[in-house]
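S.K.: Got a file for you: coords-v9.cif, mmCIF, N, CA and C atoms and all ligand atoms.
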```cif
data_structure
#
loop_
_atom_site.label_atom_id
_atom_site.label_comp_id
_atom_site.auth_asym_id
_atom_site.auth_seq_id
_atom_site.Cartn_x
_atom_site.Cartn_y
_atom_site.Cartn_z
N MET A 1 -118.79 176.03 101.43
CA MET A 1 -119.42 174.77 100.94
C MET A 1 -119.57 174.80 99.43
N GLY A 2 -118.98 173.87 98.76
CA GLY A 2 -119.13 173.82 97.31
C GLY A 2 -120.43 173.15 96.92
N HIS A 3 -120.70 173.18 95.64
CA HIS A 3 -121.92 172.50 95.17
C HIS A 3 -121.68 171.01 95.03
N VAL A 4 -122.51 170.27 95.65
CA VAL A 4 -122.42 168.83 95.52
C VAL A 4 -123.48 168.37 94.53
N PRO A 5 -123.07 167.64 93.52
CA PRO A 5 -124.09 167.13 92.57
C PRO A 5 -125.20 166.37 93.31
N TRP A 6 -126.44 166.59 92.90
CA TRP A 6 -127.57 166.01 93.63
C TRP A 6 -127.48 164.50 93.74
N ASN A 7 -126.86 163.91 92.76
CA ASN A 7 -126.85 162.44 92.76
C ASN A 7 -125.53 161.86 93.21
N LYS A 8 -124.69 162.69 93.77
CA LYS A 8 -123.40 162.16 94.23
C LYS A 8 -123.63 161.17 95.37
N GLY A 9 -123.02 160.05 95.22
CA GLY A 9 -123.13 159.06 96.27
C GLY A 9 -124.46 158.33 96.31
N VAL A 10 -125.31 158.62 95.34
CA VAL A 10 -126.60 157.92 95.32
C VAL A 10 -126.39 156.48 94.89
N LYS A 11 -126.89 155.61 95.72
CA LYS A 11 -126.82 154.19 95.36
C LYS A 11 -128.24 153.68 95.14
N TYR A 12 -128.44 153.13 94.00
CA TYR A 12 -129.76 152.58 93.73
C TYR A 12 -129.90 151.19 94.33
N THR A 13 -131.09 150.93 94.82
CA THR A 13 -131.37 149.58 95.29
C THR A 13 -131.59 148.70 94.06
N LYS A 14 -131.60 147.42 94.29
CA LYS A 14 -131.82 146.47 93.21
C LYS A 14 -133.15 146.76 92.51
N GLU A 15 -134.15 147.05 93.33
CA GLU A 15 -135.49 147.33 92.79
C GLU A 15 -135.49 148.55 91.89
N GLN A 16 -134.87 149.61 92.41
CA GLN A 16 -134.82 150.83 91.62
C GLN A 16 -134.09 150.60 90.31
N LYS A 17 -133.02 149.83 90.40
CA LYS A 17 -132.26 149.56 89.18
C LYS A 17 -133.11 148.84 88.16
N SER A 18 -133.85 147.85 88.64
CA SER A 18 -134.62 147.10 87.66
C SER A 18 -135.74 147.97 87.09
N LYS A 19 -136.25 148.90 87.90
CA LYS A 19 -137.27 149.81 87.40
C LYS A 19 -136.66 150.74 86.36
N LEU A 20 -135.45 151.21 86.67
CA LEU A 20 -134.77 152.08 85.73
C LEU A 20 -134.53 151.36 84.41
N ASN A 21 -134.16 150.13 84.51
CA ASN A 21 -133.96 149.35 83.29
C ASN A 21 -135.24 149.20 82.50
N MET A 22 -136.34 149.00 83.25
CA MET A 22 -137.64 148.89 82.59
C MET A 22 -137.95 150.17 81.84
N ASP A 23 -137.74 151.29 82.56
CA ASP A 23 -138.03 152.58 81.94
C ASP A 23 -137.17 152.82 80.71
N GLY A 24 -135.93 152.36 80.80
CA GLY A 24 -135.01 152.54 79.69
C GLY A 24 -135.19 151.48 78.61
N LEU A 25 -136.19 150.64 78.80
CA LEU A 25 -136.53 149.60 77.84
C LEU A 25 -135.42 148.57 77.63
N SER A 26 -134.49 148.51 78.55
CA SER A 26 -133.51 147.42 78.43
C SER A 26 -133.99 146.28 79.32
N LEU A 27 -134.89 145.51 78.79
CA LEU A 27 -135.60 144.52 79.58
C LEU A 27 -134.92 143.17 79.65
N GLY A 28 -133.80 143.06 78.98
CA GLY A 28 -133.15 141.76 78.87
C GLY A 28 -133.17 140.88 80.09
N HIS A 29 -132.57 141.33 81.18
CA HIS A 29 -132.45 140.42 82.31
C HIS A 29 -133.78 140.21 83.02
N ASN A 30 -134.67 141.18 82.96
CA ASN A 30 -135.98 141.00 83.59
C ASN A 30 -136.78 139.91 82.89
N LEU A 31 -136.71 139.93 81.59
CA LEU A 31 -137.44 138.93 80.82
C LEU A 31 -136.95 137.53 81.13
N GLY A 32 -135.65 137.42 81.32
CA GLY A 32 -135.09 136.11 81.58
C GLY A 32 -135.58 135.51 82.89
N GLU A 33 -135.77 136.37 83.88
CA GLU A 33 -136.12 135.85 85.19
C GLU A 33 -137.55 135.33 85.28
N LYS A 34 -138.49 136.13 84.82
CA LYS A 34 -139.88 135.70 84.96
C LYS A 34 -140.60 135.82 83.63
N HIS A 35 -140.33 134.88 82.79
CA HIS A 35 -140.93 134.94 81.47
C HIS A 35 -142.32 134.34 81.46
N TYR A 36 -142.67 133.61 82.51
CA TYR A 36 -144.00 133.03 82.53
C TYR A 36 -144.89 133.79 83.49
N LYS A 37 -146.15 133.88 83.13
CA LYS A 37 -147.11 134.56 83.99
C LYS A 37 -147.97 133.51 84.64
N TRP A 38 -147.59 133.08 85.81
CA TRP A 38 -148.32 131.99 86.40
C TRP A 38 -149.65 132.41 86.99
N LYS A 39 -149.79 133.67 87.33
CA LYS A 39 -150.99 134.00 88.09
C LYS A 39 -152.04 134.76 87.31
N GLY A 40 -151.81 134.98 86.05
CA GLY A 40 -152.84 135.60 85.24
C GLY A 40 -153.37 136.88 85.85
N ASP A 41 -154.70 136.95 85.95
CA ASP A 41 -155.35 138.14 86.48
C ASP A 41 -155.17 138.32 87.97
N PHE A 42 -154.76 137.28 88.64
CA PHE A 42 -154.81 137.31 90.10
C PHE A 42 -153.54 137.84 90.74
N ALA A 43 -153.76 138.54 91.83
CA ALA A 43 -152.63 139.15 92.53
C ALA A 43 -151.79 138.09 93.22
N SER A 44 -152.44 137.03 93.64
CA SER A 44 -151.71 135.99 94.36
C SER A 44 -152.50 134.69 94.31
N TYR A 45 -151.84 133.67 94.74
CA TYR A 45 -152.47 132.36 94.81
C TYR A 45 -153.69 132.40 95.73
N SER A 46 -153.57 133.06 96.87
CA SER A 46 -154.71 133.09 97.79
C SER A 46 -155.85 133.94 97.24
N ALA A 47 -155.53 134.99 96.49
CA ALA A 47 -156.58 135.80 95.87
C ALA A 47 -157.38 134.94 94.90
N LEU A 48 -156.67 134.11 94.18
CA LEU A 48 -157.32 133.22 93.23
C LEU A 48 -158.28 132.26 93.95
N HIS A 49 -157.80 131.67 95.02
CA HIS A 49 -158.63 130.69 95.71
C HIS A 49 -159.79 131.34 96.45
N TYR A 50 -159.59 132.53 96.93
CA TYR A 50 -160.67 133.28 97.56
C TYR A 50 -161.75 133.55 96.52
N TRP A 51 -161.33 133.98 95.36
CA TRP A 51 -162.27 134.27 94.28
C TRP A 51 -163.03 133.01 93.88
N LEU A 52 -162.30 131.92 93.71
CA LEU A 52 -162.93 130.66 93.29
C LEU A 52 -163.94 130.18 94.33
N ALA A 53 -163.55 130.26 95.59
CA ALA A 53 -164.43 129.80 96.65
C ALA A 53 -165.72 130.60 96.65
N ARG A 54 -165.63 131.87 96.33
CA ARG A 54 -166.84 132.71 96.27
C ARG A 54 -167.70 132.36 95.07
N GLN A 55 -167.06 131.96 93.98
CA GLN A 55 -167.82 131.63 92.77
C GLN A 55 -168.46 130.25 92.88
N VAL A 56 -167.67 129.30 93.25
CA VAL A 56 -168.13 127.91 93.15
C VAL A 56 -167.98 127.11 94.42
N GLY A 57 -167.47 127.72 95.47
CA GLY A 57 -167.29 126.99 96.73
C GLY A 57 -166.03 126.15 96.70
N LYS A 58 -165.92 125.30 97.68
CA LYS A 58 -164.73 124.45 97.76
C LYS A 58 -164.79 123.34 96.73
N ALA A 59 -163.63 122.86 96.38
CA ALA A 59 -163.57 121.67 95.55
C ALA A 59 -163.96 120.49 96.44
N ILE A 60 -164.95 119.70 96.00
CA ILE A 60 -165.41 118.64 96.90
C ILE A 60 -165.40 117.25 96.26
N TYR A 61 -164.87 117.16 95.07
CA TYR A 61 -164.76 115.85 94.45
C TYR A 61 -163.63 115.86 93.43
N CYS A 62 -163.31 114.68 92.91
CA CYS A 62 -162.29 114.60 91.88
C CYS A 62 -163.00 114.49 90.53
N SER A 63 -162.82 115.46 89.67
CA SER A 63 -163.56 115.42 88.41
C SER A 63 -162.94 114.44 87.41
N TYR A 64 -161.76 113.95 87.73
CA TYR A 64 -161.17 112.93 86.87
C TYR A 64 -161.86 111.60 87.14
N ASP A 65 -162.06 111.30 88.40
CA ASP A 65 -162.75 110.07 88.77
C ASP A 65 -163.41 110.30 90.13
N LYS A 66 -164.74 110.34 90.13
CA LYS A 66 -165.45 110.68 91.35
C LYS A 66 -165.32 109.62 92.43
N LYS A 67 -164.75 108.48 92.06
CA LYS A 67 -164.51 107.45 93.07
C LYS A 67 -163.27 107.74 93.91
N HIS A 68 -162.45 108.65 93.42
CA HIS A 68 -161.27 109.04 94.20
C HIS A 68 -161.75 109.79 95.44
N THR A 69 -161.32 109.33 96.57
CA THR A 69 -161.71 110.04 97.79
C THR A 69 -160.50 110.63 98.48
N SER A 70 -160.75 111.74 99.13
CA SER A 70 -159.68 112.42 99.85
C SER A 70 -160.33 113.30 100.90
N THR A 71 -159.55 113.72 101.87
CA THR A 71 -160.10 114.62 102.87
C THR A 71 -160.22 116.03 102.31
N ARG A 72 -159.46 116.31 101.26
CA ARG A 72 -159.58 117.63 100.64
C ARG A 72 -159.29 117.53 99.15
N TYR A 73 -159.84 118.46 98.41
CA TYR A 73 -159.66 118.49 96.97
C TYR A 73 -159.12 119.85 96.55
N HIS A 74 -158.56 119.86 95.36
CA HIS A 74 -157.96 121.10 94.86
C HIS A 74 -158.66 121.57 93.60
N TRP A 75 -158.64 122.88 93.40
CA TRP A 75 -159.03 123.40 92.11
C TRP A 75 -157.79 123.44 91.23
N ALA A 76 -157.87 122.78 90.10
CA ALA A 76 -156.73 122.79 89.18
C ALA A 76 -157.07 123.69 88.00
N ASN A 77 -156.10 124.43 87.55
CA ASN A 77 -156.32 125.30 86.41
C ASN A 77 -156.10 124.51 85.13
N ILE A 78 -157.00 124.69 84.19
CA ILE A 78 -156.97 123.88 82.98
C ILE A 78 -156.06 124.50 81.91
N SER A 79 -156.21 125.75 81.65
CA SER A 79 -155.47 126.37 80.55
C SER A 79 -154.04 126.74 80.94
N GLY A 80 -153.79 126.87 82.26
CA GLY A 80 -152.49 127.34 82.69
C GLY A 80 -152.39 128.85 82.65
N GLN A 81 -153.49 129.49 82.28
CA GLN A 81 -153.46 130.96 82.18
C GLN A 81 -154.16 131.63 83.35
N TYR A 82 -154.75 130.82 84.23
CA TYR A 82 -155.39 131.36 85.42
C TYR A 82 -156.36 132.47 85.10
N LYS A 83 -157.24 132.15 84.18
CA LYS A 83 -158.24 133.14 83.78
C LYS A 83 -159.28 133.31 84.89
N ARG A 84 -159.90 134.46 84.88
CA ARG A 84 -160.96 134.71 85.83
C ARG A 84 -162.25 134.11 85.27
N ASP A 85 -162.23 132.81 85.18
CA ASP A 85 -163.32 132.11 84.51
C ASP A 85 -163.44 130.74 85.17
N VAL A 86 -164.59 130.50 85.81
CA VAL A 86 -164.72 129.25 86.56
C VAL A 86 -164.61 128.02 85.67
N SER A 87 -164.91 128.18 84.38
CA SER A 87 -164.83 127.02 83.51
C SER A 87 -163.38 126.67 83.18
N ASP A 88 -162.46 127.48 83.65
CA ASP A 88 -161.05 127.20 83.44
C ASP A 88 -160.44 126.44 84.63
N PHE A 89 -161.33 125.98 85.51
CA PHE A 89 -160.85 125.23 86.67
C PHE A 89 -161.61 123.92 86.81
N MET A 90 -160.96 122.94 87.31
CA MET A 90 -161.65 121.69 87.62
C MET A 90 -161.17 121.22 88.99
N SER A 91 -162.08 120.54 89.69
CA SER A 91 -161.67 120.07 91.01
C SER A 91 -161.07 118.68 90.87
N LEU A 92 -159.99 118.47 91.57
CA LEU A 92 -159.27 117.20 91.50
C LEU A 92 -158.86 116.77 92.90
N CYS A 93 -158.69 115.47 93.06
CA CYS A 93 -158.09 115.01 94.30
C CYS A 93 -156.60 115.38 94.24
N PRO A 94 -155.93 115.48 95.38
CA PRO A 94 -154.53 115.91 95.36
C PRO A 94 -153.66 115.06 94.45
N SER A 95 -153.94 113.77 94.42
CA SER A 95 -153.12 112.88 93.60
C SER A 95 -153.27 113.20 92.11
N CYS A 96 -154.52 113.39 91.67
CA CYS A 96 -154.73 113.70 90.25
C CYS A 96 -154.20 115.10 89.92
N HIS A 97 -154.37 115.99 90.85
CA HIS A 97 -153.88 117.35 90.63
C HIS A 97 -152.38 117.34 90.40
N ASN A 98 -151.71 116.58 91.23
CA ASN A 98 -150.28 116.44 91.12
C ASN A 98 -149.88 115.91 89.75
N LYS A 99 -150.57 114.85 89.35
CA LYS A 99 -150.27 114.25 88.04
C LYS A 99 -150.58 115.23 86.92
N TYR A 100 -151.70 115.91 87.04
CA TYR A 100 -152.11 116.86 86.00
C TYR A 100 -151.05 117.95 85.85
N ASP A 101 -150.61 118.47 86.96
CA ASP A 101 -149.59 119.52 86.91
C ASP A 101 -148.30 119.01 86.32
N LYS A 102 -147.94 117.80 86.66
CA LYS A 102 -146.70 117.25 86.12
C LYS A 102 -146.80 117.06 84.62
N ILE A 103 -147.93 116.53 84.19
CA ILE A 103 -148.14 116.33 82.76
C ILE A 103 -148.09 117.65 82.03
N ALA A 104 -148.73 118.63 82.61
CA ALA A 104 -148.81 119.93 81.95
C ALA A 104 -147.53 120.74 82.14
N GLN A 105 -146.61 120.20 82.95
CA GLN A 105 -145.35 120.92 83.19
C GLN A 105 -145.57 122.31 83.75
N ARG A 106 -146.52 122.41 84.61
CA ARG A 106 -146.69 123.68 85.28
C ARG A 106 -147.24 123.44 86.67
N GLY A 107 -146.60 124.01 87.64
CA GLY A 107 -147.09 123.92 89.01
C GLY A 107 -147.31 125.32 89.50
N TRP A 108 -147.91 125.41 90.63
CA TRP A 108 -148.07 126.73 91.23
C TRP A 108 -146.70 127.25 91.63
N ALA A 109 -146.47 128.51 91.41
CA ALA A 109 -145.21 129.10 91.85
C ALA A 109 -145.10 128.96 93.36
N THR A 110 -146.22 129.12 94.05
CA THR A 110 -146.21 129.00 95.51
C THR A 110 -145.77 127.61 95.91
N ARG A 111 -146.27 126.66 95.19
CA ARG A 111 -145.95 125.29 95.54
C ARG A 111 -144.45 125.04 95.40
N LYS A 112 -143.88 125.58 94.37
CA LYS A 112 -142.44 125.40 94.18
C LYS A 112 -141.67 126.03 95.32
N GLU A 113 -142.12 127.22 95.71
CA GLU A 113 -141.43 127.91 96.80
C GLU A 113 -141.47 127.11 98.08
N LYS A 114 -142.61 126.49 98.33
CA LYS A 114 -142.77 125.79 99.59
C LYS A 114 -142.32 124.32 99.52
N GLY A 115 -141.73 123.96 98.42
CA GLY A 115 -141.17 122.63 98.33
C GLY A 115 -142.18 121.53 98.11
N GLY A 116 -143.20 121.80 97.33
CA GLY A 116 -144.07 120.71 96.90
C GLY A 116 -145.37 120.57 97.67
N VAL A 117 -145.67 121.45 98.58
CA VAL A 117 -146.92 121.31 99.33
C VAL A 117 -147.81 122.52 99.10
N ILE A 118 -149.07 122.25 98.86
CA ILE A 118 -150.02 123.37 98.76
C ILE A 118 -150.61 123.59 100.15
ZN ZN A 201 -158.45 111.93 91.46
#
```
Kindly return the structure encoded in the file as structure tokens.
M.R.:
Amino acid sequence: MGHVPWNKGVKYTKEQKSKLNMDGLSLGHNLGEKHYKWKGDFASYSALHYWLARQVGKAIYCSYDKKHTSTRYHWANISGQYKRDVSDFMSLCPSCHNKYDKIAQRGWATRKEKGGVI
């Protein structure tokens, strides 16, 4: 039996490759893919909402116009940075939230994945 190089036939997965690139500081293609940080401090969209619900409860009115009624309301992020700060959120009816996000040119990544529904 001859010596086989330890890495002979080693195939890296996509993940490993991108990690290797990170380590090698060749970040080019990684930067291109996800240049925006949509979730700020939060691990996920649901982590954010769980945290918010604990701080301030459910969104129960539209802060744009309290006459707007809906069966449910959303917490909208104001700065787009998803800070761990309740003053960075406002409750909106779904319609205003939608408009606000469109104006601000930022939607939830989750929402995009699911095709427009929160
Ligand atoms: Zn509204």
S.K.: Which residues form the shell of 6 Å around ligand ZN 201 (chain A) when you count all atoms listed in the file, given as a PyMOL selection string?
M.R.: chain A and resi 62-65+68+92-97
S.K.: Any idea what the distance is between atom CA of Tyr50 of chain A and atom N of Thr71 of chain A?
M.R.: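 Value for the atom CA of Tyr50 of chain A-atom N of Thr71 of chain A distance: 20.1 Å.
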S.K.: What separation in Å, quoted to one decimal, exists between atom CA of Phe89 of chain A and atom CA of Ala76 of chain A?
M.R.: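 Straight-line distance from atom CA of Phe89 of chain A to atom CA of Ala76 of chain A works out to 5.4 Å.
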S.K.: So how many Å separate atom C of Lys102 of chain A and atom CA of Gln55 of chain A, to one decimal?
M.R.: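 Distance between the two atoms: 26.8 Å.
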S.K.: Name the closest residue to Tyr82 of chain A among the candidates A:Phe42, A:Tyr100, A:Tyr61, A:Trp51; distances are taken between atoms, counting only N, CA and C atoms.
M.R.: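 Looking at the shortest contact to Tyr82 of chain A, the residue is A:Phe42.
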S.K.: Report the centre and edge lengths, in Å to one decimal, of an axis-aligned box enclosing every atom of segment 52-61 of chain A listed in the file, padded by 3 Å on each side, as JSON.
M.R.:
```
{"center_x": -165.4, "center_y": 124.3, "center_z": 95.3, "size_x": 12.2, "size_y": 22.9, "size_z": 11.0}
```
